[in-house]
$ cat query01.txt   # compact mmCIF, C-alpha atoms and all ligand atoms
# COMPACT_ATOMS: atom_id res chain seq x y z
CA MET W 30 128.87 104.17 117.06
CA ALA W 31 126.03 104.98 114.73
CA LYS W 32 127.35 107.57 112.31
CA ILE W 33 124.78 110.05 111.18
CA ASN W 34 124.31 111.82 107.88
CA LEU W 35 126.30 114.95 108.61
CA HIS W 36 124.99 116.56 105.44
CA TYR W 37 121.86 117.45 107.41
CA GLY W 38 124.13 120.11 108.85
CA ASP W 39 124.40 121.64 105.36
CA ILE W 40 120.73 122.58 105.15
CA LYS W 41 118.74 125.26 106.92
CA GLU W 42 117.59 124.23 110.37
CA SER W 43 113.92 124.28 109.48
CA TYR W 44 111.88 123.88 106.32
CA LEU W 45 110.73 127.25 104.93
CA PHE W 46 107.03 126.70 105.50
CA SER W 47 107.58 125.35 109.02
CA GLU W 48 109.57 128.50 109.80
CA ILE W 49 106.76 130.71 108.52
CA ALA W 50 104.16 128.75 110.52
CA LYS W 51 106.34 129.14 113.63
CA ARG W 52 106.65 132.91 113.18
CA VAL W 53 102.93 133.31 112.53
CA ASN W 54 102.09 131.26 115.63
CA GLU W 55 104.41 133.44 117.72
CA TYR W 56 102.72 136.53 116.33
CA LYS W 57 99.30 135.07 117.15
CA GLU W 58 100.36 134.39 120.73
CA ASN W 59 101.20 138.06 121.13
CA HIS W 60 98.18 139.28 119.13
CA PRO W 61 95.44 136.73 119.90
CA ASP W 62 92.72 138.81 118.23
CA ALA W 63 94.60 139.37 114.99
CA ASP W 64 92.48 138.41 112.01
CA ILE W 65 95.25 136.89 109.92
CA ILE W 66 94.86 136.10 106.21
CA ARG W 67 97.19 133.32 105.11
CA MET W 68 98.65 133.64 101.63
CA GLY W 69 101.92 131.90 102.43
CA ILE W 70 102.04 128.16 101.83
CA GLY W 71 100.22 127.14 98.67
CA ASP W 72 97.45 125.26 100.43
CA VAL W 73 94.05 125.11 98.81
CA THR W 74 90.85 126.39 100.42
CA GLN W 75 88.13 124.98 98.14
CA PRO W 76 86.75 121.54 99.08
CA LEU W 77 87.03 118.38 97.00
CA VAL W 78 84.62 118.35 94.06
CA GLU W 79 81.49 116.21 94.05
CA SER W 80 82.79 113.56 91.62
CA VAL W 81 85.87 112.97 93.78
CA VAL W 82 83.81 112.72 96.96
CA ASP W 83 81.50 110.21 95.25
CA GLY W 84 84.54 108.15 94.22
CA LEU W 85 85.97 108.23 97.74
CA VAL W 86 82.65 107.31 99.36
CA SER W 87 81.86 104.40 97.06
CA ALA W 88 85.42 103.04 97.37
CA SER W 89 85.16 103.30 101.16
CA LYS W 90 81.96 101.25 101.02
CA GLU W 91 83.68 98.65 98.83
CA MET W 92 86.39 98.36 101.47
CA GLY W 93 83.72 97.48 104.03
CA LYS W 94 82.45 94.42 102.13
CA LYS W 95 84.19 91.07 101.94
CA GLU W 96 83.52 90.70 98.19
CA THR W 97 84.98 94.08 97.23
CA PHE W 98 87.61 94.60 99.92
CA HIS W 99 91.14 95.49 98.72
CA GLY W 100 94.37 94.71 100.55
CA TYR W 101 97.78 95.67 99.16
CA GLY W 102 97.51 97.24 95.74
CA PRO W 103 100.15 97.53 93.03
CA GLU W 104 102.96 99.76 94.32
CA GLN W 105 102.97 101.66 91.03
CA GLY W 106 99.22 102.33 91.12
CA TYR W 107 96.01 100.71 89.94
CA SER W 108 95.48 100.36 86.18
CA PHE W 109 92.11 102.14 86.36
CA LEU W 110 93.89 105.37 87.37
CA LYS W 111 96.99 104.93 85.22
CA GLU W 112 94.79 104.44 82.14
CA LYS W 113 92.94 107.66 82.92
CA ILE W 114 96.21 109.56 83.16
CA VAL W 115 97.36 108.10 79.83
CA GLN W 116 94.11 109.39 78.27
CA TYR W 117 94.59 112.78 79.95
CA TYR W 118 98.07 113.17 78.45
CA GLN W 119 96.71 112.20 75.06
CA SER W 120 93.75 114.57 75.09
CA GLU W 121 95.31 117.53 76.91
CA PHE W 122 98.89 117.53 75.54
CA GLY W 123 98.82 115.22 72.54
CA VAL W 124 101.41 113.07 74.35
CA GLU W 125 101.26 109.28 74.00
CA LEU W 126 102.22 107.36 77.13
CA ASP W 127 102.44 103.69 77.95
CA PRO W 128 100.65 102.87 81.23
CA ALA W 129 103.94 101.36 82.40
CA GLU W 130 105.39 104.88 82.31
CA VAL W 131 102.85 106.16 84.87
CA PHE W 132 103.50 105.74 88.59
CA ILE W 133 100.89 106.81 91.12
CA SER W 134 102.29 108.50 94.20
CA ASP W 135 101.15 110.27 97.34
CA GLY W 136 102.11 113.61 95.79
CA ALA W 137 104.84 115.32 93.81
CA LYS W 138 106.92 116.38 96.81
CA SER W 139 107.74 112.84 97.95
CA ASP W 140 108.54 111.60 94.46
CA ILE W 141 110.72 114.63 93.72
CA ALA W 142 112.62 113.82 96.90
CA ASN W 143 112.69 110.05 96.37
CA VAL W 144 113.92 110.23 92.79
CA THR W 145 117.32 111.21 94.16
CA ASP W 146 117.70 107.44 94.86
CA LEU W 147 118.17 106.80 91.15
CA PHE W 148 121.23 108.98 90.77
CA SER W 149 124.79 108.79 91.97
CA ASN W 150 126.01 111.36 94.48
CA GLU W 151 128.77 112.21 92.01
CA ASN W 152 126.32 114.13 89.86
CA VAL W 153 126.36 117.89 89.72
CA VAL W 154 122.83 119.06 90.35
CA CYS W 155 121.59 122.23 88.70
CA VAL W 156 118.65 124.07 90.24
CA PRO W 157 117.11 127.42 89.39
CA ASP W 158 117.41 130.15 92.00
CA PRO W 159 114.84 130.98 93.37
CA VAL W 160 113.88 127.36 93.87
CA TYR W 161 111.24 125.19 95.57
CA PRO W 162 113.33 124.17 98.62
CA VAL W 163 112.69 120.43 98.16
CA TYR W 164 114.89 120.23 95.03
CA LEU W 165 117.78 121.79 96.85
CA ASP W 166 117.50 120.32 100.33
CA THR W 167 117.09 116.71 99.19
CA ASN W 168 120.33 116.93 97.23
CA LEU W 169 122.22 118.78 99.93
CA MET W 170 121.13 116.04 102.34
CA LEU W 171 123.05 113.63 100.13
CA GLY W 172 126.12 115.83 99.95
CA ARG W 173 125.76 116.50 96.24
CA LYS W 174 127.32 119.46 94.50
CA VAL W 175 124.64 121.97 93.58
CA VAL W 176 124.97 124.78 91.05
CA TYR W 177 122.41 127.48 90.39
CA LEU W 178 120.78 129.02 87.34
CA GLN W 179 120.14 132.58 88.37
CA GLY W 180 116.67 133.97 87.91
CA ASN W 181 116.14 137.72 87.85
CA GLU W 182 113.91 140.40 86.41
CA SER W 183 115.95 140.56 83.19
CA ASN W 184 115.34 136.91 82.35
CA GLY W 185 111.80 137.07 83.72
CA PHE W 186 112.85 134.56 86.41
CA LEU W 187 113.07 131.95 83.66
CA PRO W 188 116.80 131.12 83.65
CA LEU W 189 118.11 128.85 80.90
CA PRO W 190 121.24 126.72 80.76
CA THR W 191 124.08 127.91 78.53
CA PRO W 192 126.97 125.84 77.12
CA GLU W 193 129.00 126.83 80.22
CA THR W 194 126.37 125.56 82.66
CA GLU W 195 127.55 122.68 84.78
CA GLY W 196 125.11 119.94 85.66
CA ASP W 197 124.02 116.35 85.10
CA ILE W 198 120.61 116.62 86.72
CA PHE W 199 118.38 119.62 86.05
CA TYR W 200 115.34 120.65 88.01
CA LEU W 201 112.74 122.66 86.16
CA CYS W 202 109.35 123.81 87.37
CA SER W 203 106.86 125.39 84.98
CA PRO W 204 104.59 127.17 85.77
CA ASN W 205 107.17 128.00 88.33
CA ASN W 206 107.00 127.79 92.05
CA PRO W 207 107.75 130.34 93.47
CA THR W 208 107.88 132.92 90.67
CA GLY W 209 104.74 132.02 88.73
CA ALA W 210 106.71 132.45 85.49
CA THR W 211 106.07 129.89 82.74
CA TYR W 212 108.56 128.64 80.14
CA SER W 213 107.67 128.90 76.45
CA ARG W 214 108.01 125.96 74.06
CA GLU W 215 111.18 127.49 72.63
CA GLN W 216 112.71 127.84 76.10
CA LEU W 217 111.89 124.25 77.03
CA ARG W 218 113.36 123.14 73.71
CA VAL W 219 116.64 124.80 74.75
CA CYS W 220 116.56 122.83 78.02
CA VAL W 221 115.74 119.52 76.34
CA ASN W 222 118.43 119.94 73.66
CA PHE W 223 120.93 120.87 76.34
CA ALA W 224 120.06 117.73 78.35
CA LEU W 225 120.19 115.50 75.27
CA GLU W 226 123.60 116.83 74.26
CA ARG W 227 125.19 115.94 77.57
CA ASP W 228 123.08 112.92 78.60
CA ALA W 229 121.73 114.89 81.54
CA VAL W 230 118.31 114.23 83.04
CA ILE W 231 115.65 116.90 83.54
CA LEU W 232 113.39 116.51 86.57
CA PHE W 233 110.33 118.46 85.51
CA ASP W 234 107.81 119.57 88.11
CA ALA W 235 104.44 120.08 86.40
CA ALA W 236 102.39 120.44 89.57
CA TYR W 237 100.80 123.67 88.33
CA GLU W 238 100.21 122.65 84.69
CA ARG W 239 96.45 123.06 84.88
CA PHE W 240 96.77 126.76 85.70
CA VAL W 241 98.17 127.47 82.24
CA SER W 242 95.60 129.47 80.32
CA GLU W 243 97.80 130.76 77.48
CA ASP W 244 99.37 128.79 74.65
CA LEU W 245 102.31 127.48 76.66
CA PRO W 246 103.57 123.93 77.26
CA ARG W 247 102.09 122.05 80.21
CA SER W 248 104.15 118.87 79.97
CA ILE W 249 107.84 118.55 79.15
CA PHE W 250 106.86 115.65 76.91
CA GLU W 251 105.27 118.13 74.51
CA ILE W 252 108.87 118.87 73.53
CA GLU W 253 110.48 116.53 71.02
CA GLY W 254 113.18 114.34 72.52
CA ALA W 255 112.05 114.88 76.12
CA LYS W 256 111.22 111.21 76.62
CA LYS W 257 114.91 110.49 76.25
CA CYS W 258 115.96 112.94 78.94
CA ALA W 259 113.17 113.82 81.37
CA ILE W 260 111.04 112.61 84.25
CA GLU W 261 107.82 114.52 85.01
CA PHE W 262 106.15 114.94 88.39
CA CYS W 263 102.55 115.95 88.77
CA SER W 264 100.15 116.29 91.60
CA LEU W 265 96.44 116.56 92.27
CA SER W 266 97.14 118.79 95.28
CA LYS W 267 96.67 122.11 93.58
CA THR W 268 94.55 121.08 90.60
CA ALA W 269 91.98 119.01 92.48
CA GLY W 270 92.32 120.07 96.12
CA PHE W 271 94.27 116.97 97.20
CA THR W 272 96.74 118.69 99.56
CA GLY W 273 95.18 116.78 102.44
CA THR W 274 94.01 113.74 100.47
CA ARG W 275 97.40 113.03 98.84
CA CYS W 276 97.74 111.76 95.31
CA GLY W 277 100.09 112.54 92.45
CA TYR W 278 101.81 110.81 89.57
CA THR W 279 105.23 110.56 88.06
CA ILE W 280 106.01 109.79 84.43
CA VAL W 281 109.24 107.89 83.86
CA PRO W 282 109.56 107.21 80.12
CA LEU W 283 110.54 103.74 78.92
CA GLU W 284 113.01 105.44 76.56
CA LEU W 285 114.96 107.02 79.41
CA VAL W 286 118.21 105.09 79.71
CA ARG W 287 121.52 106.09 81.28
CA GLN W 288 124.65 103.99 81.56
CA GLY W 289 122.73 101.10 80.02
CA MET W 290 120.05 101.09 82.72
CA SER W 291 116.38 101.89 82.27
CA LEU W 292 115.32 104.56 84.74
CA ASN W 293 111.77 103.30 84.40
CA LYS W 294 112.82 99.84 85.60
CA MET W 295 114.94 101.37 88.35
CA TRP W 296 112.00 103.48 89.57
CA LEU W 297 109.71 100.45 89.54
CA ARG W 298 112.31 98.54 91.53
CA ARG W 299 112.61 101.41 93.96
CA GLN W 300 108.87 101.81 94.43
CA THR W 301 108.20 98.09 94.88
CA THR W 302 110.91 97.98 97.53
CA LYS W 303 110.25 101.19 99.40
CA PHE W 304 106.59 102.07 98.82
CA ASN W 305 103.32 100.23 99.30
CA GLY W 306 101.30 102.42 97.00
CA VAL W 307 98.54 104.97 97.45
CA SER W 308 95.37 103.75 99.14
CA TYR W 309 92.68 102.20 96.96
CA ILE W 310 90.14 104.70 98.25
CA VAL W 311 92.26 107.72 97.31
CA GLN W 312 93.03 106.30 93.87
CA ARG W 313 89.30 105.79 93.23
CA GLY W 314 88.75 109.44 94.23
CA ALA W 315 91.61 110.52 91.95
CA GLU W 316 90.19 108.50 89.07
CA ARG W 317 87.08 110.71 89.15
CA VAL W 318 89.19 113.85 88.61
CA PHE W 319 89.93 112.60 85.09
CA CYS W 320 86.29 111.85 84.16
CA GLU W 321 84.45 114.43 82.07
CA LYS W 322 82.39 115.63 85.03
CA GLY W 323 85.40 115.73 87.34
CA LEU W 324 87.46 117.77 84.88
CA SER W 325 84.70 120.29 84.48
CA GLU W 326 84.22 120.52 88.25
CA ILE W 327 87.91 121.09 88.93
CA SER W 328 88.03 123.74 86.19
CA ALA W 329 85.31 125.63 88.06
CA VAL W 330 87.39 125.47 91.25
CA LEU W 331 90.54 126.59 89.44
CA ALA W 332 88.57 129.53 88.06
CA VAL W 333 88.18 130.76 91.66
CA TYR W 334 91.95 130.73 92.18
CA GLN W 335 92.58 132.24 88.75
CA GLU W 336 90.23 135.09 89.62
CA ASN W 337 92.07 135.58 92.93
CA ALA W 338 95.36 135.74 91.01
CA ARG W 339 93.88 138.42 88.75
CA ILE W 340 92.70 140.41 91.78
CA ILE W 341 96.19 140.31 93.31
CA ALA W 342 97.86 141.17 90.00
CA ASN W 343 95.51 144.14 89.43
CA THR W 344 96.25 145.48 92.91
CA LEU W 345 100.00 145.28 92.34
CA ARG W 346 99.61 146.99 88.96
CA GLU W 347 97.63 149.79 90.64
CA LEU W 348 100.35 150.16 93.25
CA GLY W 349 103.08 150.15 90.59
CA ILE W 350 104.79 147.10 92.08
CA TRP W 351 106.78 144.81 89.77
CA PHE W 352 105.59 141.20 89.72
CA SER W 353 105.67 137.98 87.72
CA GLY W 354 103.06 135.21 87.61
CA GLY W 355 99.42 135.82 88.39
CA VAL W 356 98.52 134.42 85.01
CA ASN W 357 99.08 130.71 84.18
CA SER W 358 99.93 130.26 87.83
CA PRO W 359 98.47 130.51 91.33
CA TYR W 360 101.60 132.35 92.51
CA ILE W 361 102.41 136.03 92.35
CA TRP W 362 106.05 136.95 92.81
CA LEU W 363 106.51 140.59 93.64
CA LYS W 364 109.31 143.00 94.32
CA CYS W 365 109.26 144.14 97.93
CA PRO W 366 108.34 147.84 98.04
CA ASN W 367 110.61 150.56 99.38
CA GLY W 368 113.75 148.41 99.16
CA MET W 369 112.66 146.13 102.01
CA THR W 370 114.28 142.71 102.33
CA SER W 371 112.02 139.71 101.99
CA TRP W 372 111.77 139.07 105.75
CA GLU W 373 111.35 142.80 106.50
CA PHE W 374 108.39 142.84 104.14
CA PHE W 375 107.05 139.63 105.73
CA ASP W 376 107.09 141.29 109.18
CA PHE W 377 105.69 144.54 107.82
CA LEU W 378 102.81 142.82 106.04
CA LEU W 379 102.01 140.61 109.01
CA ASP W 380 102.11 143.44 111.48
CA LYS W 381 100.39 146.17 109.48
CA ALA W 382 97.97 144.18 107.30
CA ARG W 383 97.77 140.83 109.11
CA VAL W 384 98.57 139.15 105.81
CA VAL W 385 101.00 136.23 105.61
CA GLY W 386 103.09 135.64 102.49
CA THR W 387 106.34 133.84 101.77
CA PRO W 388 109.66 135.70 101.81
CA GLY W 389 111.44 135.28 98.48
CA SER W 390 114.81 134.82 100.17
CA GLY W 391 113.48 131.53 101.58
CA PHE W 392 113.70 130.24 98.01
CA GLY W 393 117.32 131.24 97.48
CA GLU W 394 119.68 134.19 97.23
CA CYS W 395 118.11 135.44 94.00
CA GLY W 396 114.82 135.68 95.87
CA GLU W 397 116.09 138.30 98.29
CA GLY W 398 114.01 141.46 97.97
CA TYR W 399 111.06 139.53 96.54
CA PHE W 400 107.95 138.02 98.06
CA ARG W 401 105.40 135.36 97.08
CA LEU W 402 101.63 135.54 97.51
CA THR W 403 99.32 132.66 96.67
CA ALA W 404 95.93 132.82 95.03
CA PHE W 405 94.72 129.77 96.97
CA SER W 406 92.82 131.80 99.53
CA THR W 407 89.08 132.35 99.33
CA LYS W 408 87.90 135.21 97.14
CA ASP W 409 86.65 137.17 100.17
CA ASN W 410 89.98 136.88 101.91
CA THR W 411 91.89 137.78 98.76
CA VAL W 412 89.81 140.92 98.26
CA GLU W 413 90.19 141.84 101.94
CA ALA W 414 93.95 141.23 101.88
CA MET W 415 94.33 143.48 98.85
CA ARG W 416 92.20 146.16 100.51
CA ARG W 417 94.49 146.08 103.55
CA ILE W 418 97.65 146.09 101.43
CA LYS W 419 96.41 149.15 99.52
CA THR W 420 95.95 151.05 102.79
CA ILE W 421 99.53 150.44 103.94
CA LEU W 422 101.45 150.90 100.65
C1 LIG D 501 104.29 125.83 98.32
O1 LIG D 501 103.64 126.64 98.96
O2 LIG D 501 105.35 126.13 97.75
C2 LIG D 501 103.75 124.46 98.17
O3 LIG D 501 102.51 124.37 98.76
C3 LIG D 501 104.63 123.51 98.78
C4 LIG D 501 104.31 122.13 98.35
O4 LIG D 501 103.59 121.89 97.38
O5 LIG D 501 104.87 121.25 98.98
$ encode --input "query01.txt" --output "structure tokens"
Amino acid sequence: MAKINLHYGDIKESYLFSEIAKRVNEYKENHPDADIIRMGIGDVTQPLVESVVDGLVSASKEMGKKETFHGYGPEQGYSFLKEKIVQYYQSEFGVELDPAEVFISDGAKSDIANVTDLFSNENVVCVPDPVYPVYLDTNLMLGRKVVYLQGNESNGFLPLPTPETEGDIFYLCSPNNPTGATYSREQLRVCVNFALERDAVILFDAAYERFVSEDLPRSIFEIEGAKKCAIEFCSLSKTAGFTGTRCGYTIVPLELVRQGMSLNKMWLRRQTTKFNGVSYIVQRGAERVFCEKGLSEISAVLAVYQENARIIANTLRELGIWFSGGVNSPYIWLKCPNGMTSWEFFDFLLDKARVVGTPGSGFGECGEGYFRLTAFSTKDNTVEAMRRIKTIL
């Protein structure tokens, strides 16, 4: 008999965003004329920038000619893109990387999930609560023990480990999904020192780094010692509109060694065995993001989302609703008004304002009573959603 992984029974029946999509579709069936504004899943609305499109088009043409056709590429990514990312880390964060530390992926979500391969199931995994469900579910699927760092209004939803905290593997996300809160250098130093002291590994999700507009760290490797204890995941999904195009990158430092094994070598071994790399065409498009023109074009797109975040934040301020994020982040994490639970507020907002958000409780127990809105909508829809919200609250 084929024995199945019974740990799938330990996770929620459906993924949070699939559940939301299901409920919205049901609502639409009953209210076919409802003009719904979606501010739930963090999916972008602005198209790819011109430089990226040019890169994709010319690479597609290369693929159509015998002389320039590409078959299998390196599983860890083409050098032309890895070199650009090395330069980006140098110029944006002052962090020196070796190209061998950069691995091109089809996005942060898959690498964050796949990295579980490198670690024994005996590890205790520490995740913040609220948490991006992928960190939690992928470990529960393997039957690992998970402990939580509790986020709340008093710690600004930026929980830190203390000497009593259990854990060998630590997930951190800054700017944070879902709370929009961003760790300071001092706070990240606490996390890095904590990991170094106990030979733990930090899995740092930097998918939203480009939204940081204040003087706050954007890469864990800005913190001294982090190369000895951290892996960083990044994605072009939110910064360059690649949610549908798919490209990200993971930095596994050469200095990261546990039990005498190099995690960089292990990751390379894993990728060469289980992954055939990101398509040449997509990597050529991604390369253009890191050119001068591409960076300026994506900054203009991010400015749209940053303005949306400001519009949402100003509305909540006017309404006297507590929130975090909205600056340095495309997410706004708010306290549900009138003591509503997260799902009550979801239903209320959908029904009365035709606005979809994400219930905070979907991100963990500490998220109950909170709600997440994204700034990834269009400006018109953001303004309209806020107008509707003001009329019902
Ligand atoms: C989110 O809405 O939390 C993100 O879009 C999910 C993701 O990046 O996978």
$ residues_around --input "query01.txt" --residues "Arg298 of chain W" --least-positions-apart "5" --cutoff "10 Å" --atoms "all atoms listed in the file" --output "MDAnalysis selection string"
chainID W and resid 104:105 292:293 303:304
$ atom_distance --input "query01.txt" --atom1 "atom CA of Pro192 of chain W" --atom2 "atom CA of Gln179 of chain W"
14.8 Å
$ closest_residue --input "query01.txt" --among "W:Lys408, W:Lys364, W:Lys267, W:Arg275" --to "Glu336 of chain W" --atoms "only C-alpha atoms"
W:Lys408
$ residues_near_point --input "query01.txt" --point "(85.1, 116.4, 95.4)" --cutoff "10 Å" --atoms "all atoms listed in the file" --output "list in words"
Gln75, Pro76, Leu77, Val78, Glu79, Ser80, Val81, Val82, Asp83, Gly84, Leu85, Ala269, Gly270, Phe271, Gly314, Ala315, Arg317, Val318, Gly323, Glu326 and Ile327 of chain W
$ atom_distance --input "query01.txt" --atom1 "atom CA of Pro246 of chain W" --atom2 "atom CA of Leu324 of chain W"
18.9 Å
$ residues_near_ligand --input "query01.txt" --ligand "ligand LIG 501 (chain D)" --cutoff "7 Å" --atoms "all atoms listed in the file" --output "PyMOL selection string"
chain W and resi 69-72+138+161+206-207
$ closest_residue --input "query01.txt" --among "W:Arg239, W:Lys90, W:Lys381, W:Arg313" --to "Cys263 of chain W" --atoms "all atoms listed in the file"
W:Arg239
$ atom_distance --input "query01.txt" --atom1 "atom CA of Gly349 of chain W" --atom2 "atom CA of Glu394 of chain W"
24.0 Å
$ build_atoms --input "query01.txt" --residues "segment 84-104 of chain W" --atoms "N, CA, C and O atoms" --output "short mmCIF file (atom, residue, chain, number, x, y, z; two decimals), keeping the file's coordinate frame"
data_model
loop_
_atom_site.label_atom_id
_atom_site.label_comp_id
_atom_site.auth_asym_id
_atom_site.auth_seq_id
_atom_site.Cartn_x
_atom_site.Cartn_y
_atom_site.Cartn_z
N GLY W 84 83.56 109.24 94.42
CA GLY W 84 84.54 108.15 94.22
C GLY W 84 85.10 107.66 95.54
O GLY W 84 85.23 106.45 95.77
N LEU W 85 85.39 108.60 96.44
CA LEU W 85 85.97 108.23 97.74
C LEU W 85 84.94 107.45 98.57
O LEU W 85 85.27 106.44 99.20
N VAL W 86 83.69 107.94 98.53
CA VAL W 86 82.65 107.31 99.36
C VAL W 86 82.37 105.90 98.85
O VAL W 86 82.35 104.93 99.62
N SER W 87 82.21 105.75 97.53
CA SER W 87 81.86 104.40 97.06
C SER W 87 83.04 103.45 97.26
O SER W 87 82.83 102.28 97.59
N ALA W 88 84.27 103.93 97.13
CA ALA W 88 85.42 103.04 97.37
C ALA W 88 85.50 102.67 98.86
O ALA W 88 85.85 101.53 99.20
N SER W 89 85.14 103.61 99.73
CA SER W 89 85.16 103.30 101.16
C SER W 89 84.16 102.19 101.46
O SER W 89 84.42 101.28 102.24
N LYS W 90 82.99 102.29 100.80
CA LYS W 90 81.96 101.25 101.02
C LYS W 90 82.45 99.90 100.51
O LYS W 90 82.24 98.88 101.15
N GLU W 91 83.12 99.91 99.36
CA GLU W 91 83.68 98.65 98.83
C GLU W 91 84.63 98.02 99.85
O GLU W 91 84.66 96.80 100.02
N MET W 92 85.40 98.87 100.51
CA MET W 92 86.39 98.36 101.47
C MET W 92 85.72 97.71 102.68
O MET W 92 86.34 96.93 103.39
N GLY W 93 84.44 98.03 102.88
CA GLY W 93 83.72 97.48 104.03
C GLY W 93 82.98 96.19 103.72
O GLY W 93 82.27 95.67 104.56
N LYS W 94 83.16 95.68 102.50
CA LYS W 94 82.45 94.42 102.13
C LYS W 94 83.49 93.39 101.74
O LYS W 94 84.43 93.70 100.97
N LYS W 95 83.25 92.17 102.20
CA LYS W 95 84.19 91.07 101.94
C LYS W 95 84.46 90.90 100.44
O LYS W 95 85.61 90.74 100.01
N GLU W 96 83.40 90.99 99.63
CA GLU W 96 83.52 90.70 98.19
C GLU W 96 84.34 91.77 97.46
O GLU W 96 84.92 91.51 96.41
N THR W 97 84.33 92.99 97.98
CA THR W 97 84.98 94.08 97.23
C THR W 97 86.13 94.72 98.01
O THR W 97 86.68 95.73 97.59
N PHE W 98 86.51 94.09 99.10
CA PHE W 98 87.61 94.60 99.92
C PHE W 98 88.93 94.53 99.13
O PHE W 98 89.13 93.62 98.34
N HIS W 99 89.81 95.51 99.36
CA HIS W 99 91.14 95.49 98.72
C HIS W 99 92.23 95.54 99.78
O HIS W 99 92.19 96.41 100.65
N GLY W 100 93.18 94.66 99.68
CA GLY W 100 94.37 94.71 100.55
C GLY W 100 95.46 95.48 99.82
O GLY W 100 95.19 96.51 99.20
N TYR W 101 96.69 95.00 99.88
CA TYR W 101 97.78 95.67 99.16
C TYR W 101 97.41 95.84 97.70
O TYR W 101 96.91 94.91 97.07
N GLY W 102 97.71 97.02 97.18
CA GLY W 102 97.51 97.24 95.74
C GLY W 102 98.85 97.25 95.05
O GLY W 102 99.89 97.12 95.72
N PRO W 103 98.86 97.43 93.73
CA PRO W 103 100.15 97.53 93.03
C PRO W 103 100.91 98.77 93.50
O PRO W 103 100.31 99.86 93.58
N GLU W 104 102.18 98.62 93.80
CA GLU W 104 102.96 99.76 94.32
C GLU W 104 102.96 100.93 93.34
O GLU W 104 103.06 102.09 93.72
#
